[in-house]
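Participant: Sharing my_file32.txt, compact mmCIF, C-alpha atoms:
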```
# COMPACT_ATOMS: atom_id res chain seq x y z
CA MET J 1 -32.91 -7.31 8.60
CA LYS J 2 -31.96 -10.42 6.60
CA GLN J 3 -32.14 -8.44 3.37
CA LEU J 4 -29.82 -5.77 4.78
CA SER J 5 -27.33 -8.40 5.96
CA ILE J 6 -27.30 -10.05 2.54
CA PHE J 7 -26.74 -6.69 0.84
CA LEU J 8 -23.77 -5.91 3.05
CA LEU J 9 -22.24 -9.36 2.62
CA PHE J 10 -22.43 -9.62 -1.15
CA PHE J 11 -22.24 -6.03 -2.28
CA SER J 12 -20.16 -4.32 0.38
CA PRO J 13 -17.03 -2.65 -1.10
CA VAL J 14 -15.16 -3.75 2.02
CA CYS J 15 -15.34 -7.20 0.39
CA TYR J 16 -14.78 -6.24 -3.21
CA GLY J 17 -13.60 -2.63 -3.35
CA GLN J 18 -15.68 -1.96 -6.44
CA ILE J 19 -18.31 0.59 -5.35
CA PRO J 20 -18.20 3.70 -3.12
CA LEU J 21 -17.53 2.85 0.52
CA ARG J 22 -19.63 5.60 2.04
CA MET J 23 -23.25 4.39 2.06
CA PRO J 24 -26.39 5.82 3.73
CA ILE J 25 -28.34 2.95 5.29
CA GLY J 26 -31.49 3.61 7.30
CA GLY J 27 -30.66 7.30 7.58
CA ILE J 28 -27.15 6.58 8.90
CA THR J 29 -24.02 7.08 6.80
CA TYR J 30 -21.41 4.41 7.45
CA SER J 31 -17.72 5.14 6.92
CA TYR J 32 -15.25 2.39 6.00
CA TYR J 33 -11.47 2.28 6.21
CA ALA J 34 -9.45 0.66 3.46
CA THR J 35 -8.28 -2.95 3.68
CA PHE J 36 -6.61 -5.13 1.05
CA ASN J 37 -8.74 -6.51 -1.75
CA PRO J 38 -9.27 -10.28 -1.28
CA ILE J 39 -10.17 -10.81 -4.93
CA ASN J 40 -7.42 -8.91 -6.75
CA ARG J 41 -4.30 -10.32 -5.07
CA PRO J 42 -1.27 -12.49 -5.89
CA ALA J 43 -2.07 -16.16 -6.55
CA LEU J 44 0.23 -17.27 -3.70
CA GLY J 45 -0.85 -14.48 -1.35
CA THR J 46 -3.00 -14.70 1.77
CA LEU J 47 -4.77 -12.07 3.87
CA THR J 48 -5.34 -12.20 7.64
CA ASN J 49 -5.97 -9.78 10.51
CA GLY J 50 -9.06 -8.29 8.92
CA ARG J 51 -7.31 -8.15 5.53
CA LEU J 52 -4.62 -5.86 6.93
CA THR J 53 -1.77 -8.41 7.07
CA VAL J 54 -0.43 -9.78 3.78
CA THR J 55 1.75 -12.86 3.31
CA SER J 56 3.15 -14.23 0.06
CA THR J 57 5.95 -16.27 -1.48
CA SER J 58 5.55 -14.89 -5.00
CA SER J 59 7.28 -12.00 -6.74
CA ALA J 60 4.46 -11.65 -9.28
CA GLY J 61 1.62 -9.25 -8.59
CA GLN J 62 0.77 -7.06 -5.65
CA PHE J 63 -1.71 -6.66 -2.83
CA ILE J 64 -4.02 -3.72 -3.61
CA SER J 65 -6.20 -1.65 -1.27
CA THR J 66 -9.96 -1.58 -1.56
CA ILE J 67 -9.97 2.22 -1.90
CA GLY J 68 -8.44 4.23 -4.71
CA GLU J 69 -8.23 8.02 -4.83
CA SER J 70 -7.46 10.85 -7.24
CA THR J 71 -7.72 13.68 -4.69
CA GLY J 72 -6.91 14.14 -1.01
CA LYS J 73 -3.86 13.49 1.22
CA TYR J 74 -3.30 10.09 2.81
CA TYR J 75 -0.82 8.56 5.23
CA ILE J 76 -0.18 4.79 5.29
CA GLU J 77 2.16 2.79 7.54
CA TYR J 78 3.52 -0.69 6.76
CA THR J 79 5.25 -2.79 9.44
CA ILE J 80 7.46 -5.59 8.11
CA THR J 81 7.06 -8.87 10.04
CA ALA J 82 8.80 -11.24 7.62
CA ALA J 83 11.37 -10.64 4.90
CA GLY J 84 13.06 -13.27 2.75
CA ALA J 85 16.79 -13.48 2.12
CA GLY J 86 16.61 -11.10 -0.84
CA LYS J 87 14.89 -8.34 1.16
CA ARG J 88 13.57 -6.88 -2.09
CA LEU J 89 10.44 -5.45 -0.49
CA ILE J 90 8.07 -3.19 -2.44
CA PHE J 91 5.59 -0.48 -1.45
CA GLY J 92 3.80 2.18 -3.49
CA LEU J 93 0.80 2.84 -5.71
CA VAL J 94 -0.88 1.14 -8.65
CA ASN J 95 -3.75 2.03 -10.95
CA ALA J 96 -6.78 -0.10 -11.80
CA ALA J 97 -4.99 -1.68 -14.77
CA ALA J 98 -2.32 -3.32 -12.58
CA ASN J 99 -2.13 -7.08 -13.18
CA GLN J 100 -1.03 -10.02 -11.06
CA THR J 101 1.52 -11.48 -13.49
CA THR J 102 3.95 -8.54 -13.40
CA ILE J 103 6.38 -7.59 -10.66
CA PHE J 104 5.15 -4.42 -8.96
CA GLY J 105 6.86 -1.40 -10.56
CA ASN J 106 7.90 -3.19 -13.74
CA ASP J 107 5.18 -1.69 -15.92
CA VAL J 108 3.41 1.63 -16.46
CA ASN J 109 0.68 0.78 -13.95
CA GLY J 110 2.78 0.97 -10.79
CA PHE J 111 4.94 3.47 -8.90
CA ALA J 112 7.12 1.47 -6.53
CA VAL J 113 9.64 1.89 -3.74
CA ILE J 114 11.91 -1.18 -3.70
CA SER J 115 14.54 -2.14 -1.15
CA ILE J 116 17.43 -3.69 -3.10
CA PRO J 117 20.66 -4.22 -1.12
CA PRO J 118 22.87 -2.26 -0.70
CA THR J 119 20.42 0.60 -1.27
CA GLY J 120 16.91 1.08 -2.61
CA ILE J 121 15.21 2.58 -5.61
CA PHE J 122 12.07 4.36 -6.71
CA THR J 123 10.94 2.73 -9.94
CA HIS J 124 8.17 3.04 -12.51
CA ASN J 125 7.84 1.07 -15.75
CA GLY J 126 10.81 -1.18 -15.06
CA GLY J 127 14.13 0.57 -15.52
CA GLY J 128 12.48 3.66 -16.92
CA SER J 129 12.97 5.85 -13.86
CA TYR J 130 15.27 4.34 -11.25
CA LEU J 131 16.30 6.79 -8.55
CA PRO J 132 18.39 5.64 -5.57
CA PHE J 133 17.45 6.68 -2.07
CA ALA J 134 19.61 6.78 1.07
CA SER J 135 22.48 4.33 0.86
CA GLY J 136 22.44 1.68 3.57
CA VAL J 137 18.68 1.79 4.13
CA ILE J 138 17.43 -1.76 3.61
CA PHE J 139 13.90 -2.64 4.69
CA ASP J 140 13.95 -5.55 7.15
CA VAL J 141 11.90 -7.29 9.85
CA GLY J 142 10.56 -4.86 12.44
CA ASP J 143 11.07 -1.80 10.25
CA LEU J 144 8.26 0.59 9.38
CA VAL J 145 7.77 2.11 5.93
CA ALA J 146 5.29 4.97 5.59
CA LEU J 147 3.83 6.66 2.54
CA ALA J 148 2.53 10.24 2.51
CA TRP J 149 0.49 10.43 -0.66
CA ASP J 150 -0.95 13.66 -2.03
CA ALA J 151 -3.32 12.30 -4.68
CA GLY J 152 -4.38 15.72 -5.91
CA ALA J 153 -0.86 17.08 -6.38
CA GLY J 154 0.47 13.72 -7.61
CA THR J 155 3.31 13.32 -5.08
CA LEU J 156 4.46 10.38 -2.97
CA ASP J 157 6.84 10.89 -0.02
CA VAL J 158 8.46 7.86 1.60
CA TYR J 159 9.38 7.62 5.29
CA TYR J 160 11.40 4.97 7.11
CA SER J 161 11.78 3.92 10.73
CA ALA J 162 14.35 1.25 11.65
CA SER J 163 13.20 -1.39 14.11
CA GLY J 164 13.39 -0.10 17.68
CA SER J 165 14.69 3.34 16.69
CA GLY J 166 11.59 5.30 17.69
CA THR J 167 12.37 7.84 14.98
CA ARG J 168 11.08 8.35 11.45
CA THR J 169 13.20 9.63 8.55
CA LEU J 170 12.06 11.05 5.22
CA LEU J 171 13.82 9.05 2.50
CA GLY J 172 12.64 11.43 -0.17
CA THR J 173 9.90 12.30 -2.63
CA ALA J 174 9.67 9.12 -4.65
CA TYR J 175 7.51 10.64 -7.35
CA PRO J 176 7.07 14.42 -7.57
CA ALA J 177 4.67 14.18 -10.53
CA LEU J 178 2.55 11.05 -10.71
CA SER J 179 0.55 10.52 -13.87
CA ALA J 180 -3.01 11.79 -13.54
CA GLY J 181 -5.65 9.29 -12.45
CA THR J 182 -6.90 7.16 -9.58
CA TYR J 183 -4.35 5.12 -7.64
CA TYR J 184 -4.49 2.44 -4.95
CA PRO J 185 -1.89 1.83 -2.22
CA ALA J 186 -0.17 -1.51 -2.81
CA CYS J 187 2.67 -3.72 -1.64
CA GLY J 188 4.61 -6.72 -2.88
CA ASP J 189 8.02 -8.36 -3.25
CA ASP J 190 10.68 -8.70 -5.94
CA ALA J 191 12.58 -11.76 -4.70
CA GLY J 192 10.04 -14.59 -4.65
CA THR J 193 10.74 -15.32 -0.98
CA THR J 194 8.31 -15.20 1.92
CA PHE J 195 7.32 -11.72 3.06
CA ARG J 196 4.70 -10.42 5.47
CA TYR J 197 3.52 -6.86 6.12
CA THR J 198 0.83 -5.37 8.34
CA VAL J 199 -0.65 -2.10 7.11
CA ASN J 200 -2.34 0.71 8.99
CA PHE J 201 -4.61 2.76 6.76
CA GLY J 202 -5.66 4.85 9.77
CA ALA J 203 -8.34 2.75 11.47
CA THR J 204 -6.09 2.49 14.55
CA PRO J 205 -3.56 5.00 15.94
CA TYR J 206 -0.46 5.45 13.81
CA ALA J 207 3.03 4.73 15.13
CA PHE J 208 4.03 8.26 14.07
CA THR J 209 2.05 11.45 13.62
CA PRO J 210 1.18 11.96 9.93
CA PRO J 211 2.64 15.01 8.19
CA ALA J 212 0.39 18.08 8.41
CA GLY J 213 -2.72 17.72 6.29
CA TYR J 214 -2.41 13.95 5.77
CA GLY J 215 -4.74 11.37 7.26
CA ALA J 216 -6.51 8.03 7.03
CA LEU J 217 -7.59 6.32 3.81
CA HIS J 218 -11.33 5.88 4.22
CA HIS J 219 -14.68 6.95 2.80
```
For the structure just supplied, provide its representation as C-alpha cells.
Facilitator:
Amino acid sequence: MKQLSIFLLFFSPVCYGQIPLRMPIGGITYSYYATFNPINRPALGTLTNGRLTVTSTSSAGQFISTIGESTGKYYIEYTITAAGAGKRLIFGLVNAAANQTTIFGNDVNGFAVISIPPTGIFTHNGGGSYLPFASGVIFDVGDLVALAWDAGAGTLDVYYSASGSGTRTLLGTAYPALSAGTYYPACGDDAGTTFRYTVNFGATPYAFTPPAGYGALHH
C-alpha cells in the first residue's frame, strides 16, 4: 500500500501532467479530470481550490491544464472572480512549447481570446491575426467565459455569459483552423494587474449545457 501511495504522489499526472492520466491499478482503471499544472505556471501565479482557481499579478506567462489533446470535443467554463483595472483577461489554448516569459497569444504557441476595452480580440502570434468580437463585451467580475474546443477539427468557439444574466451567447468561432498538434486549455492576463478565475473542466456540473457532442476534459 505504501508503494502504491508513493507512486501516485510522485508520478501521478494530476501533479505533473506529463504522462497519460488513465491508469489501470489493481485491475481498476482510474479516470482523472484536468486541473492546472502546478509546475508550469506564471512565476507570480498561485493555484488553490484543487488547482482549479488561478490567481496572478503578472502579465507574463499563462496557467496551463494538465491534459492536452489533439482529438475529441471539449467544453470548458471559466468564472471570473477578480479582474484588475485593465480588464485585459485572456483565455484559449497553447501548445507544449508555450513559455512563461511571453504574454499569452503574443507568439506562435498560443491562440488567445483577449478582452481589451472597448471590445475584444482573437489573437495568435501577436498582431498576426487580430479579429474583433462583439463590441461592448468586456469580461469582468462574475462573468463566465466558455470554450467549445473541437481538437480534431481544429476549431475553437467562444461563449460569454454576463454576470447574473442566466444566458449564454456565442461570441464567435475564434479560430476556424488551428494549426495541427496537441493543445492545452490555458488562461492569463495582459495588464499585469490582479486577476482570478475558477475553471470547470467538467468534474462538476456546468453552469450551461455544453453544445452537442462536447464534454469534459478528462482521461
Participant: Show which residues sit within 10 Å of Asn125 (chain J), as a short mmCIF file (atom, residue, chain, number, x, y, z; two decimals) with C-alpha atoms, in the coordinates of the input. Count only C-alpha atoms, and ignore same-chain residues fewer than 4 positions away.
Facilitator:
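Saved file out03.cif follows:
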```
data_model
loop_
_atom_site.label_atom_id
_atom_site.label_comp_id
_atom_site.auth_asym_id
_atom_site.auth_seq_id
_atom_site.Cartn_x
_atom_site.Cartn_y
_atom_site.Cartn_z
CA PHE J 104 5.15 -4.42 -8.96
CA GLY J 105 6.86 -1.40 -10.56
CA ASN J 106 7.90 -3.19 -13.74
CA ASP J 107 5.18 -1.69 -15.92
CA VAL J 108 3.41 1.63 -16.46
CA ASN J 109 0.68 0.78 -13.95
CA GLY J 110 2.78 0.97 -10.79
CA PHE J 111 4.94 3.47 -8.90
CA ALA J 112 7.12 1.47 -6.53
CA SER J 129 12.97 5.85 -13.86
CA TYR J 130 15.27 4.34 -11.25
#
```
Participant: Could you list, as a list in words, every residue within 9 Å of Val158 (chain J), counting only C-alpha atoms and ignoring same-chain residues fewer than 3 positions away?
Facilitator: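 Non-adjacent residues within range: Gly92, Val113, Val145, Ala146, Leu147, Ala148, Trp149, Thr169, Leu170, Leu171, Gly172, Thr173 and Ala174 of chain J.
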Participant: Counting only C-alpha atoms, what is within 9 Å of region 59-71 of chain J, bar same-chain residues fewer than 6 positions away, as an NGL selection string?
Facilitator: :J and (13-18 or 20-21 or 33-38 or 40-45 or 90 or 93-96 or 98-104 or 150-154 or 180-193 or 217-219)
Participant: Would you work out the distance separating CA of Arg88 (chain J) from CA of Gly120 (chain J), expressed in Å to one decimal?
Facilitator: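 If I compute the distance from CA of Arg88 (chain J) to CA of Gly120 (chain J), I get 8.6 Å.
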Participant: Between CA of Glu77 (chain J) and CA of Thr198 (chain J), what is the distance in Å, rounded to a tenth?
Facilitator: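 So the two atoms, CA of Glu77 (chain J) and CA of Thr198 (chain J), lie 8.3 Å apart.
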Participant: When you get a chance, write out N, CA and C atoms for region 98-121 of chain J, as a short mmCIF file (atom, residue, chain, number, x, y, z; two decimals), in the frame of the given file.
Facilitator:
```cif
data_model
loop_
_atom_site.label_atom_id
_atom_site.label_comp_id
_atom_site.auth_asym_id
_atom_site.auth_seq_id
_atom_site.Cartn_x
_atom_site.Cartn_y
_atom_site.Cartn_z
N ALA J 98 -3.40 -2.47 -13.08
CA ALA J 98 -2.32 -3.32 -12.58
C ALA J 98 -2.72 -4.79 -12.66
N ASN J 99 -1.80 -5.65 -13.06
CA ASN J 99 -2.13 -7.08 -13.18
C ASN J 99 -1.28 -7.90 -12.22
N GLN J 100 -1.67 -9.17 -12.05
CA GLN J 100 -1.03 -10.02 -11.06
C GLN J 100 0.01 -10.96 -11.67
N THR J 101 0.47 -10.67 -12.87
CA THR J 101 1.52 -11.48 -13.49
C THR J 101 2.81 -10.69 -13.65
N THR J 102 2.80 -9.43 -13.25
CA THR J 102 3.95 -8.54 -13.40
C THR J 102 4.48 -8.13 -12.04
N ILE J 103 5.79 -8.08 -11.89
CA ILE J 103 6.38 -7.59 -10.66
C ILE J 103 6.02 -6.12 -10.48
N PHE J 104 5.58 -5.77 -9.31
CA PHE J 104 5.15 -4.42 -8.96
C PHE J 104 6.25 -3.41 -9.31
N GLY J 105 5.91 -2.43 -10.15
CA GLY J 105 6.86 -1.40 -10.56
C GLY J 105 7.51 -1.66 -11.89
N ASN J 106 7.25 -2.85 -12.48
CA ASN J 106 7.90 -3.19 -13.74
C ASN J 106 7.09 -2.81 -14.97
N ASP J 107 5.94 -2.16 -14.77
CA ASP J 107 5.18 -1.69 -15.92
C ASP J 107 4.64 -0.29 -15.64
N VAL J 108 3.88 0.25 -16.57
CA VAL J 108 3.41 1.63 -16.46
C VAL J 108 2.31 1.80 -15.42
N ASN J 109 1.82 0.70 -14.86
CA ASN J 109 0.68 0.78 -13.95
C ASN J 109 1.07 0.92 -12.48
N GLY J 110 2.36 0.90 -12.18
CA GLY J 110 2.78 0.97 -10.79
C GLY J 110 3.90 1.95 -10.54
N PHE J 111 3.86 2.59 -9.38
CA PHE J 111 4.94 3.47 -8.90
C PHE J 111 5.44 2.85 -7.60
N ALA J 112 6.66 2.31 -7.62
CA ALA J 112 7.12 1.47 -6.53
C ALA J 112 8.35 2.02 -5.82
N VAL J 113 8.47 1.64 -4.56
CA VAL J 113 9.64 1.89 -3.74
C VAL J 113 10.19 0.52 -3.38
N ILE J 114 11.38 0.17 -3.86
CA ILE J 114 11.91 -1.18 -3.70
C ILE J 114 13.23 -1.14 -2.92
N SER J 115 13.31 -1.98 -1.90
CA SER J 115 14.54 -2.14 -1.15
C SER J 115 15.40 -3.19 -1.85
N ILE J 116 16.52 -2.77 -2.42
CA ILE J 116 17.43 -3.69 -3.10
C ILE J 116 18.83 -3.48 -2.54
N PRO J 117 19.33 -4.39 -1.71
CA PRO J 117 20.66 -4.22 -1.12
C PRO J 117 21.71 -3.92 -2.19
N PRO J 118 22.64 -2.95 -1.96
CA PRO J 118 22.87 -2.26 -0.70
C PRO J 118 22.12 -0.93 -0.55
N THR J 119 21.15 -0.66 -1.38
CA THR J 119 20.42 0.60 -1.27
C THR J 119 18.96 0.32 -1.62
N GLY J 120 18.29 1.27 -2.18
CA GLY J 120 16.91 1.08 -2.61
C GLY J 120 16.63 2.02 -3.76
N ILE J 121 15.52 1.76 -4.45
CA ILE J 121 15.21 2.58 -5.61
C ILE J 121 13.72 2.92 -5.66
#
```
